[in-house]
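Listing of entry34.cif, mmCIF, C-alpha atoms
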data_model
loop_
_atom_site.label_atom_id
_atom_site.label_comp_id
_atom_site.auth_asym_id
_atom_site.auth_seq_id
_atom_site.Cartn_x
_atom_site.Cartn_y
_atom_site.Cartn_z
CA MET A 1 3.87 -4.75 56.88
CA PRO A 2 7.14 -4.90 54.92
CA THR A 3 6.85 -5.01 51.16
CA ALA A 4 9.11 -6.28 48.43
CA PRO A 5 8.64 -5.00 44.89
CA PRO A 6 8.41 -7.54 42.10
CA THR A 7 11.26 -7.94 39.67
CA VAL A 8 10.72 -5.74 36.63
CA SER A 9 11.09 -7.83 33.51
CA PRO A 10 9.97 -7.92 29.86
CA THR A 11 6.40 -8.97 29.28
CA VAL A 12 7.27 -11.14 26.28
CA SER A 13 9.38 -14.26 26.55
CA PRO A 14 12.18 -14.98 24.12
CA LYS A 15 10.37 -18.30 23.54
CA GLY A 16 8.23 -17.24 20.59
CA ASP A 17 5.47 -14.79 21.44
CA LEU A 18 4.34 -16.40 24.69
CA PRO A 19 3.95 -13.84 27.48
CA ARG A 20 6.86 -14.03 29.88
CA SER A 21 6.11 -16.09 32.99
CA TYR A 22 7.67 -18.56 35.35
CA TYR A 23 6.56 -21.22 32.91
CA THR A 24 8.32 -19.75 29.86
CA GLU A 25 11.52 -19.24 31.84
CA SER A 26 11.50 -22.88 33.03
CA ALA A 27 10.23 -24.41 29.79
CA ILE A 28 11.78 -27.43 28.15
CA ASP A 29 13.48 -26.96 24.80
CA ALA A 30 11.04 -26.88 21.91
CA PRO A 31 11.60 -26.30 18.19
CA SER A 32 10.11 -23.46 16.21
CA ARG A 33 7.50 -24.68 13.77
CA ALA A 34 7.00 -23.15 10.34
CA PRO A 35 3.70 -21.58 9.26
CA ALA A 36 1.49 -23.42 6.80
CA TRP A 37 2.33 -22.54 3.21
CA GLY A 38 0.72 -23.50 -0.08
CA ASP A 39 -2.02 -26.05 -0.69
CA THR A 40 -1.72 -29.03 1.66
CA ARG A 41 -3.88 -32.01 2.52
CA ALA A 42 -4.54 -34.09 5.62
CA ASP A 43 -7.13 -36.39 7.09
CA VAL A 44 -7.73 -33.89 9.91
CA VAL A 45 -6.86 -30.23 10.49
CA VAL A 46 -6.79 -29.06 14.11
CA VAL A 47 -7.03 -25.35 14.95
CA GLY A 48 -5.40 -24.49 18.27
CA GLY A 49 -2.04 -25.52 19.71
CA GLY A 50 -2.97 -25.83 23.37
CA MET A 51 -3.70 -28.91 25.43
CA THR A 52 -6.92 -29.71 23.55
CA GLY A 53 -5.43 -29.40 20.10
CA CYS A 54 -2.17 -31.16 20.91
CA ALA A 55 -4.01 -34.00 22.67
CA ALA A 56 -6.33 -34.38 19.67
CA ALA A 57 -3.37 -34.39 17.28
CA LEU A 58 -1.64 -37.05 19.36
CA HIS A 59 -4.71 -39.29 19.60
CA LEU A 60 -5.35 -38.95 15.87
CA ALA A 61 -1.75 -39.57 14.82
CA GLU A 62 -1.60 -42.64 17.05
CA ARG A 63 -4.57 -43.96 15.06
CA GLY A 64 -2.56 -43.58 11.85
CA LEU A 65 -4.35 -40.49 10.54
CA SER A 66 -2.53 -37.59 8.89
CA VAL A 67 -2.89 -34.41 10.95
CA ARG A 68 -2.09 -30.73 10.39
CA LEU A 69 -2.31 -28.53 13.49
CA LEU A 70 -2.56 -24.75 13.03
CA GLU A 71 -1.59 -22.43 15.90
CA GLU A 72 -1.82 -18.68 15.44
CA HIS A 73 0.95 -17.95 17.94
CA GLY A 74 3.28 -20.50 19.57
CA ILE A 75 2.38 -23.89 21.03
CA GLY A 76 0.91 -23.33 24.49
CA PHE A 77 0.21 -19.62 23.90
CA GLY A 78 -3.19 -19.57 25.63
CA ALA A 79 -4.35 -20.93 28.97
CA SER A 80 -2.46 -24.16 28.32
CA GLY A 81 0.82 -22.33 28.85
CA ARG A 82 -0.28 -19.91 31.57
CA SER A 83 -2.75 -21.62 33.92
CA GLY A 84 -2.46 -22.68 37.53
CA GLY A 85 -1.61 -26.19 36.37
CA GLN A 86 -4.11 -27.83 38.72
CA LEU A 87 -5.41 -31.26 37.72
CA ILE A 88 -8.88 -31.48 39.28
CA ALA A 89 -11.40 -34.30 38.99
CA GLY A 90 -14.98 -33.64 38.01
CA PHE A 91 -16.28 -30.47 36.38
CA GLY A 92 -16.52 -26.75 37.07
CA GLY A 93 -20.30 -27.13 37.34
CA ASP A 94 -22.01 -29.58 39.65
CA MET A 95 -23.83 -32.72 38.63
CA ARG A 96 -27.31 -31.23 39.09
CA SER A 97 -27.07 -29.66 35.64
CA VAL A 98 -26.10 -33.03 34.20
CA ARG A 99 -28.86 -34.97 35.96
CA ALA A 100 -31.44 -32.46 34.71
CA HIS A 101 -30.77 -33.61 31.13
CA LEU A 102 -29.59 -37.22 31.38
CA SER A 103 -30.93 -40.46 32.81
CA PRO A 104 -29.20 -41.76 35.96
CA ALA A 105 -27.17 -44.24 33.89
CA LYS A 106 -26.12 -41.59 31.37
CA ALA A 107 -25.31 -39.11 34.16
CA GLN A 108 -23.04 -41.74 35.72
CA ALA A 109 -21.35 -42.25 32.36
CA TYR A 110 -20.89 -38.48 32.02
CA TRP A 111 -19.28 -38.35 35.47
CA ASP A 112 -17.02 -41.27 34.57
CA LEU A 113 -15.70 -39.27 31.62
CA GLY A 114 -14.59 -36.54 34.03
CA VAL A 115 -12.73 -39.13 36.11
CA GLU A 116 -11.19 -40.60 32.97
CA ALA A 117 -9.91 -37.13 32.05
CA VAL A 118 -7.57 -37.15 35.05
CA SER A 119 -6.39 -40.67 34.29
CA LEU A 120 -5.66 -39.71 30.67
CA VAL A 121 -3.30 -36.95 31.79
CA LYS A 122 -1.41 -39.28 34.09
CA ASP A 123 -1.27 -41.95 31.39
CA ARG A 124 0.15 -39.53 28.83
CA ILE A 125 2.78 -38.31 31.27
CA ALA A 126 3.89 -41.85 32.05
CA ARG A 127 3.67 -43.24 28.51
CA HIS A 128 5.59 -40.41 26.85
CA GLY A 129 7.87 -39.48 29.74
CA LEU A 130 6.60 -35.89 29.80
CA ALA A 131 8.86 -33.74 31.98
CA CYS A 132 6.18 -31.55 33.54
CA ASP A 133 6.84 -31.77 37.31
CA PHE A 134 3.66 -33.73 38.06
CA ALA A 135 2.80 -34.03 41.77
CA PRO A 136 -0.29 -35.82 43.14
CA GLY A 137 -3.02 -34.47 45.40
CA HIS A 138 -5.58 -31.65 45.39
CA ILE A 139 -7.15 -29.81 48.33
CA ASP A 140 -10.35 -27.74 48.28
CA VAL A 141 -10.20 -25.38 51.27
CA ALA A 142 -13.19 -23.73 52.96
CA VAL A 143 -13.04 -20.12 54.08
CA LYS A 144 -16.22 -20.32 56.18
CA ALA A 145 -18.59 -22.84 57.75
CA ARG A 146 -21.09 -22.62 54.88
CA GLN A 147 -18.39 -23.85 52.53
CA VAL A 148 -17.55 -26.77 54.82
CA ARG A 149 -21.14 -27.94 54.40
CA GLU A 150 -20.79 -27.56 50.64
CA LEU A 151 -17.65 -29.72 50.70
CA GLU A 152 -19.43 -32.33 52.79
CA ALA A 153 -22.25 -32.47 50.24
CA MET A 154 -19.76 -32.70 47.38
CA ALA A 155 -17.87 -35.53 49.06
CA GLU A 156 -21.13 -37.42 49.62
CA ASP A 157 -22.14 -36.97 45.98
CA TRP A 158 -18.72 -37.97 44.57
CA THR A 159 -18.56 -41.02 46.82
CA ALA A 160 -22.03 -42.11 45.68
CA LEU A 161 -20.77 -41.81 42.10
CA GLY A 162 -17.99 -44.26 42.95
CA TYR A 163 -15.09 -41.83 43.35
CA PRO A 164 -12.60 -43.20 45.92
CA GLY A 165 -10.16 -41.76 48.44
CA LEU A 166 -11.74 -38.47 49.50
CA ALA A 167 -11.07 -37.18 53.02
CA LEU A 168 -12.76 -34.33 54.89
CA TRP A 169 -10.51 -32.35 57.24
CA ASP A 170 -11.42 -30.09 60.14
CA ARG A 171 -9.69 -26.78 60.88
CA VAL A 172 -6.75 -28.40 62.72
CA GLN A 173 -6.13 -31.01 60.03
CA THR A 174 -6.38 -28.36 57.35
CA ARG A 175 -3.90 -26.13 59.18
CA ASP A 176 -1.47 -29.06 59.33
CA ARG A 177 -1.64 -29.46 55.53
CA VAL A 178 -1.92 -25.79 54.48
CA ALA A 179 0.02 -23.44 56.76
CA SER A 180 -2.58 -20.69 56.87
CA ASP A 181 -5.14 -19.51 59.41
CA ALA A 182 -7.52 -18.56 56.59
CA TYR A 183 -9.31 -21.91 56.34
CA VAL A 184 -11.81 -23.75 58.53
CA GLY A 185 -11.91 -27.10 56.73
CA ALA A 186 -11.00 -28.90 53.54
CA LEU A 187 -11.68 -31.78 51.18
CA TYR A 188 -8.63 -33.77 50.11
CA ASP A 189 -8.54 -35.69 46.82
CA PRO A 190 -5.45 -37.88 46.35
CA GLY A 191 -6.48 -38.44 42.71
CA GLY A 192 -5.93 -34.85 41.63
CA GLY A 193 -2.60 -33.11 41.33
CA HIS A 194 -0.65 -30.36 39.63
CA LEU A 195 1.91 -29.91 36.87
CA HIS A 196 3.87 -27.42 34.78
CA PRO A 197 1.19 -26.69 32.15
CA LEU A 198 3.44 -25.28 29.45
CA ASN A 199 5.87 -28.19 29.66
CA TYR A 200 2.97 -30.63 29.60
CA THR A 201 1.62 -28.96 26.45
CA LEU A 202 5.05 -28.86 24.80
CA GLY A 203 5.46 -32.52 25.66
CA LEU A 204 2.10 -33.39 24.10
CA ALA A 205 3.13 -31.48 20.96
CA ALA A 206 6.42 -33.37 20.72
CA ALA A 207 4.64 -36.69 21.22
CA ALA A 208 2.14 -35.80 18.49
CA GLU A 209 4.97 -34.98 16.10
CA ALA A 210 6.75 -38.20 16.96
CA ALA A 211 3.54 -40.04 16.06
CA GLY A 212 3.43 -38.30 12.66
CA ALA A 213 1.38 -35.12 13.15
CA VAL A 214 2.60 -31.89 11.50
CA LEU A 215 2.38 -28.77 13.69
CA HIS A 216 2.46 -25.20 12.41
CA GLU A 217 3.04 -22.00 14.41
CA GLY A 218 2.25 -18.49 13.22
CA ALA A 219 -0.59 -20.04 11.25
CA PRO A 220 -3.96 -18.49 12.14
CA MET A 221 -7.15 -19.82 10.61
CA THR A 222 -8.65 -16.89 8.70
CA SER A 223 -11.74 -18.82 7.56
CA TYR A 224 -13.03 -22.26 6.78
CA THR A 225 -15.55 -23.78 4.38
CA GLU A 226 -17.23 -27.14 4.59
CA THR A 227 -17.24 -28.88 1.21
CA ALA A 228 -18.82 -32.03 -0.20
CA ASN A 229 -15.64 -33.96 0.64
CA GLY A 230 -14.62 -32.33 3.92
CA VAL A 231 -13.30 -28.87 4.80
CA GLU A 232 -11.01 -26.19 3.45
CA VAL A 233 -9.18 -24.12 6.07
CA ARG A 234 -7.52 -20.90 4.95
CA THR A 235 -4.47 -19.31 6.53
CA PRO A 236 -2.44 -16.29 5.39
CA GLY A 237 -0.06 -18.73 3.72
CA GLY A 238 -2.45 -21.03 1.90
CA VAL A 239 -5.16 -23.65 2.25
CA VAL A 240 -5.33 -26.93 4.15
CA ARG A 241 -7.85 -29.41 2.76
CA ALA A 242 -8.99 -32.18 5.09
CA ARG A 243 -11.80 -34.60 5.79
CA TRP A 244 -12.34 -33.17 9.28
CA LEU A 245 -11.81 -29.88 11.14
CA LEU A 246 -11.40 -29.78 14.93
CA LEU A 247 -11.77 -26.36 16.56
CA ALA A 248 -9.68 -26.26 19.74
CA GLY A 249 -8.94 -22.55 20.22
CA ASN A 250 -11.22 -22.08 23.25
CA ALA A 251 -10.98 -18.54 24.73
CA TYR A 252 -8.73 -17.39 21.87
CA LEU A 253 -11.09 -18.44 19.07
CA TRP A 254 -14.44 -17.15 20.29
CA ARG A 255 -14.62 -14.03 18.13
CA ARG A 256 -13.58 -15.88 14.98
CA VAL A 257 -16.35 -18.49 15.24
CA PRO A 258 -19.38 -16.62 16.63
CA ALA A 259 -21.64 -19.67 16.41
CA ILE A 260 -19.80 -21.21 19.36
CA GLY A 261 -18.27 -18.01 20.77
CA ARG A 262 -21.64 -16.87 22.12
CA ARG A 263 -21.67 -19.81 24.54
CA ILE A 264 -18.36 -19.11 26.21
CA MET A 265 -16.95 -16.07 27.99
CA PRO A 266 -13.21 -15.39 28.11
CA VAL A 267 -12.26 -14.23 31.61
CA GLY A 268 -8.87 -13.04 32.84
CA THR A 269 -7.03 -14.80 35.63
CA TYR A 270 -3.65 -13.90 37.10
CA ILE A 271 -0.70 -15.63 38.77
CA VAL A 272 2.49 -14.63 40.55
CA ALA A 273 5.57 -16.73 41.26
CA THR A 274 7.73 -15.80 44.20
CA GLU A 275 11.48 -16.05 44.35
CA PRO A 276 12.71 -19.54 45.32
CA LEU A 277 11.92 -20.07 49.01
CA GLY A 278 14.22 -23.01 49.60
CA GLU A 279 12.93 -26.52 50.12
CA VAL A 280 12.46 -26.28 53.89
CA ARG A 281 10.45 -23.05 53.83
CA ALA A 282 8.35 -24.10 50.82
CA ARG A 283 7.61 -27.52 52.30
CA ALA A 284 6.41 -25.91 55.53
CA LEU A 285 3.68 -24.03 53.62
CA ILE A 286 2.17 -27.11 51.91
CA PRO A 287 3.89 -30.16 53.47
CA GLY A 288 2.25 -32.68 51.12
CA ASN A 289 2.94 -30.62 47.96
CA GLU A 290 -0.70 -30.74 46.86
CA ALA A 291 -2.47 -28.19 44.68
CA VAL A 292 -4.86 -26.01 46.68
CA SER A 293 -7.90 -23.95 45.70
CA ASP A 294 -10.50 -22.27 47.87
CA CYS A 295 -14.29 -22.57 47.62
CA ASN A 296 -15.12 -18.97 46.79
CA PHE A 297 -16.91 -18.36 43.50
CA VAL A 298 -14.10 -15.94 42.63
CA LEU A 299 -11.46 -18.28 43.92
CA ASN A 300 -7.77 -18.27 44.77
CA TYR A 301 -5.52 -21.21 43.88
CA PHE A 302 -1.92 -21.97 44.70
CA ARG A 303 0.79 -24.61 44.78
CA ARG A 304 4.51 -25.14 45.15
CA SER A 305 6.75 -25.24 42.10
CA ALA A 306 9.46 -27.83 41.51
CA ASP A 307 12.13 -25.27 42.42
CA HIS A 308 10.35 -24.33 45.67
CA ARG A 309 8.52 -21.14 44.71
CA MET A 310 4.96 -20.29 45.67
CA LEU A 311 2.72 -20.01 42.60
CA PHE A 312 -0.39 -18.08 43.63
CA GLY A 313 -3.29 -17.26 41.31
CA GLY A 314 -6.77 -15.81 41.30
CA ARG A 315 -8.33 -12.34 41.00
CA VAL A 316 -10.52 -13.22 38.04
CA SER A 317 -11.42 -10.31 35.72
CA TYR A 318 -14.79 -10.76 34.05
CA SER A 319 -14.45 -7.40 32.33
CA ARG A 320 -11.20 -8.60 30.68
CA MET A 321 -9.50 -5.45 31.99
CA ASP A 322 -6.19 -6.27 33.67
CA PRO A 323 -5.42 -4.77 37.10
CA PRO A 324 -2.94 -1.87 36.96
CA SER A 325 -0.23 -4.10 38.48
CA VAL A 326 -0.77 -7.85 38.42
CA ALA A 327 2.25 -8.35 40.67
CA ASP A 328 1.08 -5.93 43.36
CA ALA A 329 -2.57 -7.03 43.26
CA MET A 330 -1.82 -10.74 43.46
CA ARG A 331 0.90 -10.27 46.07
CA ARG A 332 -1.57 -8.50 48.36
CA THR A 333 -3.99 -11.40 47.97
CA MET A 334 -1.25 -13.96 48.59
CA LEU A 335 -0.31 -12.24 51.85
CA THR A 336 -3.87 -12.55 53.17
CA VAL A 337 -3.36 -16.32 52.97
CA PHE A 338 0.36 -16.52 53.77
CA PRO A 339 1.38 -13.39 55.74
CA SER A 340 4.69 -15.13 56.47
CA LEU A 341 5.70 -14.39 52.86
CA ALA A 342 5.79 -10.61 53.45
CA ASP A 343 9.58 -10.57 53.05
CA VAL A 344 9.52 -12.54 49.82
CA ARG A 345 10.10 -11.05 46.38
CA VAL A 346 7.77 -11.70 43.44
CA ASP A 347 9.82 -12.74 40.43
CA PHE A 348 7.08 -13.28 37.84
CA ALA A 349 3.54 -12.02 37.30
CA TRP A 350 1.33 -12.86 34.35
CA GLY A 351 -2.23 -13.45 33.26
CA GLY A 352 -4.39 -14.76 30.47
CA TYR A 353 -7.85 -15.92 29.53
CA VAL A 354 -9.76 -19.06 30.38
CA ALA A 355 -13.19 -19.79 28.89
CA ILE A 356 -16.25 -20.40 31.06
CA THR A 357 -19.75 -21.52 30.14
CA VAL A 358 -22.99 -20.47 31.80
CA ASN A 359 -23.38 -23.84 33.55
CA ARG A 360 -19.58 -24.32 34.01
CA LEU A 361 -19.71 -27.64 32.11
CA PRO A 362 -17.57 -28.25 29.01
CA HIS A 363 -19.14 -27.35 25.70
CA VAL A 364 -18.53 -29.84 22.89
CA GLY A 365 -20.42 -30.44 19.69
CA ARG A 366 -20.61 -30.17 15.91
CA LEU A 367 -20.80 -27.30 13.44
CA GLY A 368 -21.83 -29.19 10.36
CA ARG A 369 -21.03 -32.75 9.29
CA ARG A 370 -17.24 -32.52 9.47
CA VAL A 371 -16.51 -29.80 12.02
CA LEU A 372 -16.15 -30.59 15.73
CA PHE A 373 -15.37 -28.24 18.62
CA ALA A 374 -14.52 -28.40 22.32
CA GLN A 375 -14.31 -25.41 24.65
CA GLY A 376 -15.42 -23.83 27.92
CA PHE A 377 -13.64 -26.08 30.43
CA SER A 378 -14.34 -23.56 33.21
CA GLY A 379 -11.25 -24.03 35.38
CA HIS A 380 -10.88 -27.79 34.86
CA GLY A 381 -8.97 -27.60 31.61
CA VAL A 382 -5.83 -29.51 32.54
CA GLY A 383 -7.83 -32.74 32.64
CA LEU A 384 -10.83 -32.07 30.40
CA THR A 385 -8.72 -30.89 27.46
CA SER A 386 -7.06 -34.29 27.15
CA LEU A 387 -10.48 -35.93 27.34
CA ALA A 388 -11.88 -33.59 24.67
CA GLY A 389 -8.98 -34.37 22.35
CA ALA A 390 -9.54 -38.10 22.78
CA LEU A 391 -13.31 -37.83 22.23
CA MET A 392 -12.93 -35.81 19.04
CA ALA A 393 -10.42 -38.35 17.74
CA GLU A 394 -12.95 -41.08 18.48
CA VAL A 395 -15.57 -39.33 16.33
CA VAL A 396 -13.14 -39.10 13.42
CA ALA A 397 -12.51 -42.83 13.81
CA GLY A 398 -16.25 -43.56 13.72
CA GLN A 399 -16.87 -43.94 17.46
CA GLU A 400 -19.32 -41.17 18.32
CA GLU A 401 -21.17 -42.36 21.42
CA ARG A 402 -18.99 -40.84 24.15
CA PHE A 403 -18.59 -37.49 22.37
CA ASP A 404 -22.33 -37.36 21.74
CA LEU A 405 -23.05 -38.06 25.41
CA MET A 406 -21.09 -34.99 26.45
CA ALA A 407 -22.63 -32.97 23.62
CA ARG A 408 -26.14 -33.73 24.92
CA ILE A 409 -25.81 -31.13 27.69
CA PRO A 410 -27.36 -27.90 26.31
CA HIS A 411 -25.49 -24.62 26.66
CA ARG A 412 -27.17 -21.24 26.73
CA PRO A 413 -25.52 -18.17 25.19
CA PHE A 414 -24.39 -15.55 27.67
CA PRO A 415 -27.20 -12.99 27.92
CA GLY A 416 -26.86 -9.49 26.57
CA GLY A 417 -25.54 -10.11 23.08
CA ALA A 418 -22.20 -8.84 21.81
CA ARG A 419 -22.48 -5.41 23.49
CA LEU A 420 -24.07 -6.13 26.88
CA ARG A 421 -22.99 -9.62 27.87
CA THR A 422 -19.72 -8.49 29.47
CA PRO A 423 -21.33 -5.71 31.59
CA LEU A 424 -24.09 -8.11 32.67
CA LEU A 425 -21.55 -10.74 33.68
CA VAL A 426 -19.49 -8.18 35.61
CA ALA A 427 -22.62 -7.16 37.53
CA ALA A 428 -23.46 -10.79 38.30
CA MET A 429 -19.94 -11.46 39.50
CA MET A 430 -20.13 -8.50 41.87
CA LEU A 431 -23.05 -10.26 43.55
CA HIS A 432 -21.01 -13.46 43.81
CA ARG A 433 -18.10 -11.53 45.34
CA ILE A 434 -20.48 -10.13 47.96
CA ARG A 435 -21.75 -13.65 48.68
CA ASP A 436 -18.14 -14.88 49.03
CA ARG A 437 -17.67 -12.36 51.84
CA LEU A 438 -20.85 -13.33 53.73
#
Take the structure in the file and write it out as structure tokens.
Amino acid sequence: MPTAPPTVSPTVSPKGDLPRSYYTESAIDAPSRAPAWGDTRADVVVVGGGMTGCAAALHLAERGLSVRLLEEHGIGFGASGRSGGQLIAGFGGDMRSVRAHLSPAKAQAYWDLGVEAVSLVKDRIARHGLACDFAPGHIDVAVKARQVRELEAMAEDWTALGYPGLALWDRVQTRDRVASDAYVGALYDPGGGHLHPLNYTLGLAAAAEAAGAVLHEGAPMTSYTETANGVEVRTPGGVVRARWLLLAGNAYLWRRVPAIGRRIMPVGTYIVATEPLGEVRARALIPGNEAVSDCNFVLNYFRRSADHRMLFGGRVSYSRMDPPSVADAMRRTMLTVFPSLADVRVDFAWGGYVAITVNRLPHVGRLGRRVLFAQGFSGHGVGLTSLAGALMAEVVAGQEERFDLMARIPHRPFPGGARLRTPLLVAAMMLHRIRDRL
């Protein structure tokens, strides 16, 4: 089989300290923000400049509250600026975990929040004119007959919960919509979609600033203290005093706040972007321009870019050790799905961490009276981050019911403690990889 080596390029983008990727090289213009200096005050301080933090800052500022957002690196540095950009309804975990802890009515309300998450993203894009290449539609593809049955059960459950528009496809229909012989069936959701995640995050940040929020880059939280009147958050440049603290660092904050870090696991995921294929060739691969992900536990996901590249991701690393060559490893995987791309060059290859929970449901809650957190979106972060930002803003405004509903789902720490939890997870994932092949 012919091979084409990836373009060799710097690993760091000139746009701040974000790792170089297709996203950084096609990013919209964004200003540099100063670190936080001196002693400042705000109604709310938000830690984390990704989708969660920027959405929270926007929702809060729109309510007339003063907001200071602290980002250790640049806006969108984490998964928000590196992910597959897939907007997927529902949750990474299934509803059985929800129904085990909530009444039928509360479980329905929990599900409705997941649906609202997708609508919030679309609303923000439309309301603020965010230039993030949004395209509608998501397809779950089955690699084997067992997974077709799983998709049928999922479609039945989602439909019973009131979710509209789903369509099950057989092998022929799937082949017509995804030009690969790798799949035997699919579930199509017209309500999902995909977008340029970094540009979406940068757009949220700009909208938050336009609403009055103040954003800082190069401003890590070194510690925080809850006081009688609120919180004090320390950075290398000073102290921010606020009534509320929102922790929105997700996979990049887990070591700094062990109380919540034990309940998430940062895992590496990787993406390549091919050279531009041209509109005709790109359209032939995914004629409807939907986002696609397979049903394996260690899944692959892919989509077309606005300039007609193939963006192909997967190869999750639970050990947090990167493969020797992301470009070569992901290109080999891509060719198992699209062997017709054997003559195509890889222009960009990158990776980063997403945070998962044991039950693959989002983890939200409180650390004290005035400290809220949201994390562990488990592959559904494009939608659930906007929801989490909105729910935390509601708590600050005195509306706690919806946040508390999501916080009612218990989350176990990953077993093994600080030293053994990663090896234990790697061993468990090896079993899942074996099951994926059966």
Could you spell out the hits of the PyMOL selection byres ((chain A and resi 304) around 8) on the shown file, as a PyMOL selection string? chain A and resi 282+286+289-291+302-303+305-306+308-311
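One finds CA of Gly230 in chain A at 8.7 Å from CA of Val371 in chain A.
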Determine the residue set returned by the PyMOL selection byres ((chain A and resi 257-267) around 7) for the present structure, and present it as number ranges by chain. A: 251, 253-256, 268-269, 316-318, 320, 353-357, 376, 411-414
For the file shown, what are the residues hit by the PyMOL selection byres ((chain A and resi 330) around 10), laid out as a ChimeraX atom specification? /A:270-273,300,312-315,323,325-329,331-335,346,349-350
Which of these residues is nearest to Asp112 in chain A, using only C-alpha atoms: A:Ala208, A:Leu387, A:Val184, A:Ala374?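 For Asp112 in chain A, the nearest of the given residues is A:Leu387.
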Restricting the calculation to all atoms listed in the file, which member of A:Thr225, A:Ser119, A:Ser26, A:Gln173 is positioned closest to Leu87 in chain A? A:Ser119
Nearest to Leu384 in chain A among A:Leu60, A:Val178, A:Met51, A:Ala109, with distances taken over all atoms listed in the file: which residue is it? A:Met51
Could you pull the residues within 9 Å of Thr52 in chain A, counting all atoms listed in the file, minus those fewer than 4 positions along the same chain, as a PyMOL selection string? chain A and resi 48+56-57+80+248-250+374-375+381+384-390
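CA of Ala242 in chain A sits 8.7 Å away from CA of Val67 in chain A.
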